[in-house]
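Asker: Below you'll find model34.cif; it's mmCIF, C-alpha atoms and all ligand atoms; chains and numbers go by the auth columns.
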```cif
data_data
#
loop_
_atom_site.group_PDB
_atom_site.id
_atom_site.type_symbol
_atom_site.label_atom_id
_atom_site.label_comp_id
_atom_site.label_asym_id
_atom_site.label_seq_id
_atom_site.Cartn_x
_atom_site.Cartn_y
_atom_site.Cartn_z
_atom_site.B_iso_or_equiv
_atom_site.auth_seq_id
_atom_site.auth_asym_id
ATOM 1 C CA MET A 1 -15.585 2.831 -6.873 0.00 316 R
ATOM 2 C CA ALA A 2 -12.022 3.258 -5.620 0.00 317 R
ATOM 3 C CA LEU A 3 -11.588 6.287 -7.874 0.00 318 R
ATOM 4 C CA ALA A 4 -14.841 7.762 -6.561 0.00 319 R
ATOM 5 C CA TRP A 5 -13.456 7.382 -3.046 0.00 320 R
ATOM 6 C CA GLY A 6 -10.329 9.289 -4.011 0.00 321 R
ATOM 7 C CA LEU A 7 -7.982 6.327 -4.081 0.00 322 R
ATOM 8 C CA GLU A 8 -5.252 6.354 -6.674 0.00 323 R
ATOM 9 C CA PRO A 9 -4.751 2.791 -7.867 0.00 324 R
ATOM 10 C CA ASP A 10 -1.164 1.885 -8.674 0.00 325 R
ATOM 11 C CA ALA A 11 -0.296 -0.070 -11.807 0.00 326 R
ATOM 12 C CA VAL A 12 -0.791 -3.494 -10.224 0.00 327 R
ATOM 13 C CA GLU A 13 -4.097 -2.449 -8.631 0.00 328 R
ATOM 14 C CA GLN A 14 -5.294 -1.136 -11.989 0.00 329 R
ATOM 15 C CA ALA A 15 -4.523 -4.507 -13.549 0.00 330 R
ATOM 16 C CA ALA A 16 -5.984 -6.473 -10.618 0.00 331 R
ATOM 17 C CA PRO A 17 -8.717 -4.243 -9.112 0.00 332 R
ATOM 18 C CA ILE A 18 -9.711 -6.934 -6.600 0.00 333 R
ATOM 19 C CA LEU A 19 -6.653 -5.805 -4.612 0.00 334 R
ATOM 20 C CA LEU A 20 -8.304 -2.421 -4.028 0.00 335 R
ATOM 21 C CA HIS A 21 -11.078 -3.738 -1.799 0.00 336 R
ATOM 22 C CA GLY A 22 -8.808 -3.582 1.246 0.00 337 R
ATOM 23 C CA ARG A 23 -7.895 0.069 0.829 0.00 338 R
ATOM 24 C CA LEU A 24 -11.464 0.864 -0.141 0.00 339 R
ATOM 25 C CA ALA A 25 -12.798 -0.884 2.966 0.00 340 R
ATOM 26 C CA ALA A 26 -10.404 1.115 5.146 0.00 341 R
ATOM 27 C CA SER A 27 -11.615 4.360 3.567 0.00 342 R
ATOM 28 C CA MET A 28 -15.243 3.375 4.171 0.00 343 R
ATOM 29 C CA LEU A 29 -14.569 2.347 7.770 0.00 344 R
ATOM 30 C CA GLU A 30 -12.898 5.665 8.431 0.00 345 R
ATOM 31 C CA ARG A 31 -15.419 7.951 6.699 0.00 346 R
ATOM 32 C CA ASP A 32 -18.762 6.141 7.094 0.00 347 R
ATOM 33 C CA TYR A 33 -18.179 4.286 10.371 0.00 348 R
ATOM 34 C CA ALA A 34 -15.918 6.846 12.079 0.00 349 R
ATOM 35 C CA LEU A 35 -13.345 4.177 12.784 0.00 350 R
ATOM 36 C CA ALA A 36 -10.204 6.053 13.734 0.00 351 R
ATOM 37 C CA ASP A 37 -7.788 3.383 15.007 0.00 352 R
ATOM 38 C CA PRO A 38 -4.880 3.545 12.540 0.00 353 R
ATOM 39 C CA GLU A 39 -3.821 -0.040 13.265 0.00 354 R
ATOM 40 C CA VAL A 40 -7.291 -1.412 12.503 0.00 355 R
ATOM 41 C CA LEU A 41 -7.536 0.724 9.368 0.00 356 R
ATOM 42 C CA ALA A 42 -4.124 -0.539 8.245 0.00 357 R
ATOM 43 C CA ALA A 43 -5.220 -4.127 8.893 0.00 358 R
ATOM 44 C CA ALA A 44 -8.238 -3.623 6.637 0.00 359 R
ATOM 45 C CA ALA A 45 -6.245 -1.781 4.003 0.00 360 R
ATOM 46 C CA HIS A 46 -3.451 -4.341 3.726 0.00 361 R
ATOM 47 C CA HIS A 47 -5.290 -7.634 4.152 0.00 362 R
ATOM 48 C CA THR A 48 -5.107 -8.096 0.378 0.00 363 R
ATOM 49 C CA THR A 49 -1.400 -7.576 -0.296 0.00 364 R
ATOM 50 C CA ALA A 50 0.365 -7.536 3.076 0.00 365 R
ATOM 51 C CA ARG A 51 3.140 -4.961 3.442 0.00 366 R
ATOM 52 C CA ALA A 52 6.450 -4.416 5.181 0.00 367 R
ATOM 53 C CA GLY A 53 6.116 -3.202 8.740 0.00 368 R
ATOM 54 C CA MET A 54 2.854 -4.965 9.554 0.00 369 R
ATOM 55 C CA SER A 55 1.768 -4.895 13.174 0.00 370 R
ATOM 56 C CA SER A 56 0.757 -8.112 14.924 0.00 371 R
ATOM 57 C CA LEU A 57 -2.889 -7.137 14.423 0.00 372 R
ATOM 58 C CA GLU A 58 -2.327 -6.640 10.683 0.00 373 R
ATOM 59 C CA LYS A 59 -0.644 -10.048 10.442 0.00 374 R
ATOM 60 C CA LEU A 60 -3.463 -11.634 12.426 0.00 375 R
ATOM 61 C CA VAL A 61 -6.190 -10.128 10.222 0.00 376 R
ATOM 62 C CA PHE A 62 -4.287 -11.044 7.058 0.00 377 R
ATOM 63 C CA LEU A 63 -3.853 -14.653 8.170 0.00 378 R
ATOM 64 C CA ALA A 64 -7.417 -14.943 9.507 0.00 379 R
ATOM 65 C CA ASP A 65 -8.670 -13.874 6.090 0.00 380 R
ATOM 66 C CA LYS A 66 -6.540 -16.453 4.297 0.00 381 R
ATOM 67 C CA THR A 67 -7.274 -19.308 6.679 0.00 382 R
ATOM 68 C CA GLU A 68 -11.034 -18.978 7.169 0.00 383 R
ATOM 69 C CA ALA A 69 -12.889 -22.260 6.776 0.00 384 R
ATOM 70 C CA GLN A 70 -14.322 -21.729 3.289 0.00 385 R
ATOM 71 C CA LYS A 71 -10.916 -20.854 1.864 0.00 386 R
ATOM 72 C CA LEU A 72 -9.299 -23.875 3.492 0.00 387 R
ATOM 73 C CA GLU A 73 -11.957 -26.063 1.817 0.00 388 R
ATOM 74 C CA ARG A 74 -10.669 -24.842 -1.540 0.00 389 R
ATOM 75 C CA ARG A 75 -7.003 -24.533 -0.624 0.00 390 R
ATOM 76 C CA HIS A 76 -5.801 -27.543 1.319 0.00 391 R
ATOM 77 C CA ASP A 77 -2.218 -26.276 1.041 0.00 392 R
ATOM 78 C CA TRP A 78 -3.191 -23.289 3.189 0.00 393 R
ATOM 79 C CA ARG A 79 -4.064 -25.545 6.142 0.00 394 R
ATOM 80 C CA LYS A 80 -0.385 -25.674 7.053 0.00 395 R
ATOM 81 C CA VAL A 81 -0.483 -21.860 7.227 0.00 396 R
ATOM 82 C CA ALA A 82 -3.346 -22.080 9.725 0.00 397 R
ATOM 83 C CA ASP A 83 -1.429 -24.639 11.790 0.00 398 R
ATOM 84 C CA VAL A 84 1.725 -22.508 11.899 0.00 399 R
ATOM 85 C CA ALA A 85 -0.274 -19.330 12.643 0.00 400 R
ATOM 86 C CA SER A 86 -1.426 -20.755 15.952 0.00 401 R
ATOM 87 C CA SER A 87 2.137 -20.452 17.250 0.00 402 R
ATOM 88 C CA ASP A 88 4.109 -18.079 14.974 0.00 403 R
ATOM 89 C CA LEU A 89 2.479 -15.265 12.955 0.00 404 R
ATOM 90 C CA ASP A 90 5.678 -14.358 11.096 0.00 405 R
ATOM 91 C CA ALA A 91 6.413 -17.931 10.064 0.00 406 R
ATOM 92 C CA ALA A 92 2.801 -18.408 8.962 0.00 407 R
ATOM 93 C CA LEU A 93 2.821 -15.177 6.967 0.00 408 R
ATOM 94 C CA LEU A 94 6.111 -16.095 5.289 0.00 409 R
ATOM 95 C CA LEU A 95 4.753 -19.557 4.457 0.00 410 R
ATOM 96 C CA PHE A 96 1.572 -18.071 3.009 0.00 411 R
ATOM 97 C CA LEU A 97 3.508 -15.559 0.912 0.00 412 R
ATOM 98 C CA ASP A 98 5.805 -18.298 -0.402 0.00 413 R
ATOM 99 C CA ILE A 99 2.777 -20.355 -1.478 0.00 414 R
ATOM 100 C CA HIS A 100 1.071 -17.286 -2.926 0.00 415 R
ATOM 101 C CA LEU A 101 4.128 -16.236 -4.924 0.00 416 R
ATOM 102 C CA GLU A 102 4.561 -19.736 -6.344 0.00 417 R
ATOM 103 C CA ASP A 103 0.903 -19.604 -7.448 0.00 418 R
ATOM 104 C CA ALA A 104 1.294 -16.109 -8.846 0.00 419 R
ATOM 105 C CA ILE A 105 4.313 -17.106 -10.911 0.00 420 R
ATOM 106 C CA ALA A 106 2.685 -20.315 -12.168 0.00 421 R
ATOM 107 C CA ARG A 107 -0.472 -18.427 -13.153 0.00 422 R
ATOM 108 C CA ARG A 108 1.410 -15.401 -14.518 0.00 423 R
ATOM 109 C CA TRP A 109 -0.336 -13.035 -12.102 0.00 424 R
ATOM 110 C CA LEU A 110 1.153 -9.657 -11.386 0.00 425 R
ATOM 111 C CA ILE A 111 2.790 -9.485 -7.973 0.00 426 R
ATOM 112 C CA HIS A 112 2.175 -6.404 -5.886 0.00 427 R
ATOM 113 C CA PRO A 113 5.384 -4.706 -4.669 0.00 428 R
ATOM 114 C CA ARG A 114 3.958 -4.517 -1.126 0.00 429 R
ATOM 115 C CA THR A 115 3.703 -8.313 -1.112 0.00 430 R
ATOM 116 C CA LEU A 116 7.353 -8.657 -2.103 0.00 431 R
ATOM 117 C CA GLU A 117 8.380 -6.058 0.471 0.00 432 R
ATOM 118 C CA ALA A 118 6.492 -7.956 3.178 0.00 433 R
ATOM 119 C CA ARG A 119 8.203 -11.225 2.259 0.00 434 R
ATOM 120 C CA ASN A 120 11.642 -9.618 2.015 0.00 435 R
ATOM 121 C CA GLU A 121 11.230 -8.115 5.476 0.00 436 R
ATOM 122 C CA LEU A 122 10.052 -11.418 6.976 0.00 437 R
ATOM 123 C CA LEU A 123 12.986 -13.249 5.383 0.00 438 R
ATOM 124 C CA ALA A 124 15.486 -10.663 6.620 0.00 439 R
ATOM 125 C CA THR A 125 14.070 -10.929 10.150 0.00 440 R
ATOM 126 C CA ALA A 126 14.111 -14.735 10.058 0.00 441 R
ATOM 127 C CA ARG A 127 17.725 -14.735 8.836 0.00 442 R
ATOM 128 C CA SER A 128 18.894 -12.303 11.503 0.00 443 R
ATOM 129 C CA LEU A 129 17.199 -14.439 14.155 0.00 444 R
ATOM 130 C CA GLU A 130 19.003 -17.521 12.786 0.00 445 R
ATOM 131 C CA THR A 131 22.312 -15.653 12.901 0.00 446 R
ATOM 132 C CA GLU A 132 21.753 -14.707 16.541 0.00 447 R
ATOM 133 C CA ARG A 133 21.342 -18.383 17.508 0.00 448 R
HETATM 134 FE FE FE B . -10.991 -9.265 1.526 0.00 501 D
#
```
When written as structure tokens, how does the structure in this file appear?
Ligand SMILES: [Fe+2]
Answerer:
Amino acid sequence: MALAWGLEPDAVEQAAPILLHGRLAASMLERDYALADPEVLAAAAHHTTARAGMSSLEKLVFLADKTEAQKLERRHDWRKVADVASSDLDAALLLFLDIHLEDAIARRWLIHPRTLEARNELLATARSLETER
């Protein structure tokens, strides 16, 4: 379906096609629903992997997806992410990505480069804020 919509899956997306549903959803929202807000489209596109340079809306949508009630029923360790998200989106996103990467390594999943770039950026920002204090 992603190919039919003109998306070009990268190597990780080819190996884990579930990751494509974000970019595919953004394409559908833009073409079939005439949604033109680039920030909303980016939030849809990147809610699967995260990315460096996420806006607050993108972080909010990403975290809302990961902390919705049904997921928290299955993933009790994500409840802390929901708690932190109520006061600090960056800290919650970094916590989620840490948990996700530990899972990914333990389960030998491929890790999308955008996910690593998002975490690296969050860590760099957190460290520079610590240095300023
Ligand atoms: Fe999704």
Asker: Please find the residues contacting ligand FE 501 (chain D) at a distance of at most 7 Å between atoms, with all atoms listed in the file counted, and report them as a PDB file with C-alpha atoms, in the coordinates of the input.
Answerer:
```pdb
ATOM      1  CA  HIS R 336     -11.078  -3.738  -1.799  1.00  0.00           C
ATOM      2  CA  GLY R 337      -8.808  -3.582   1.246  1.00  0.00           C
ATOM      3  CA  HIS R 362      -5.290  -7.634   4.152  1.00  0.00           C
ATOM      4  CA  THR R 363      -5.107  -8.096   0.378  1.00  0.00           C
ATOM      5  CA  ASP R 380      -8.670 -13.874   6.090  1.00  0.00           C
TER       6      ASP R 380
END
```
Asker: Report, in Å with one decimal, the straight-line distance from atom CA of R:Ala341 to atom CA of R:Ala406.
Answerer: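 Rounded to one decimal, the two atoms are 25.9 Å apart.
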Asker: Selected by the PyMOL selection byres (((chain R and resi 424-435) around 7) and not hetatm) in the shown coordinates: which residues, as a VMD selection string?
Answerer: chain R and resid 327 364 to 367 409 412 419 to 420 422 to 423 436 to 439
Asker: I'd like the residues picked by the PyMOL selection byres (((chain R and resi 382) around 10) and not hetatm) written out as a list in words, using the chain letters and numbers from the file.
Answerer: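 Selection result, ordered by chain and number: Val376, Phe377, Leu378, Ala379, Asp380, Lys381, Glu383, Ala384, Gln385, Lys386, Leu387, Glu388, Arg390, His391, Trp393, Arg394, Lys395, Val396, Ala397, Asp398, Ala400 and Phe411 of chain R.
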Asker: So the first atom is atom CA of R:Val399 and the second is atom CA of R:Leu375; what is the distance between them in Å, to one decimal place?
Answerer: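 Answer for the atom CA of R:Val399 to atom CA of R:Leu375 separation: 12.1 Å.
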Asker: Give the answer as one residue: which of R:Asp418, R:Glu373, R:Asp325, R:Ala317 has the shortest atom-to-atom distance to R:Met343, using all atoms listed in the file?
Answerer: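 Under the stated criterion, the closest residue is R:Ala317.
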Asker: Which residue out of R:Leu410, R:Leu339, R:Leu350, R:Arg442 has the minimum interatomic distance to R:Glu323 when all atoms listed in the file are used?
Answerer: R:Leu339
Asker: As a count of residues only, please: the residues near R:Leu318 (cut-off 12 Å, all atoms listed in the file, same-chain neighbours under 2 positions excluded).
Answerer: 15
Asker: Taking only C-alpha atoms into account, name the residue in R:Glu354, R:Glu445, R:Glu417, R:Asp347 that is nearest to R:Ser371.
Answerer: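 Counting only C-alpha atoms, the residue closest to R:Ser371 is R:Glu354.
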Asker: Grab the atom CA of R:Leu416 to atom CA of R:Ala340 distance for me, in Å with one decimal place.
Answerer: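 For atom CA of R:Leu416 relative to atom CA of R:Ala340, the distance reads 24.2 Å.
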Asker: If you take every atom of stretch 404-418 of chain R that the file lists and fit an axis-aligned box around them with 8 Å extra on each side, what centre and edge lengths come out in Å to one decimal, as JSON?
Answerer:
```
{"center_x": 3.7, "center_y": -17.4, "center_z": 2.8, "size_x": 21.5, "size_y": 22.0, "size_z": 36.4}
```
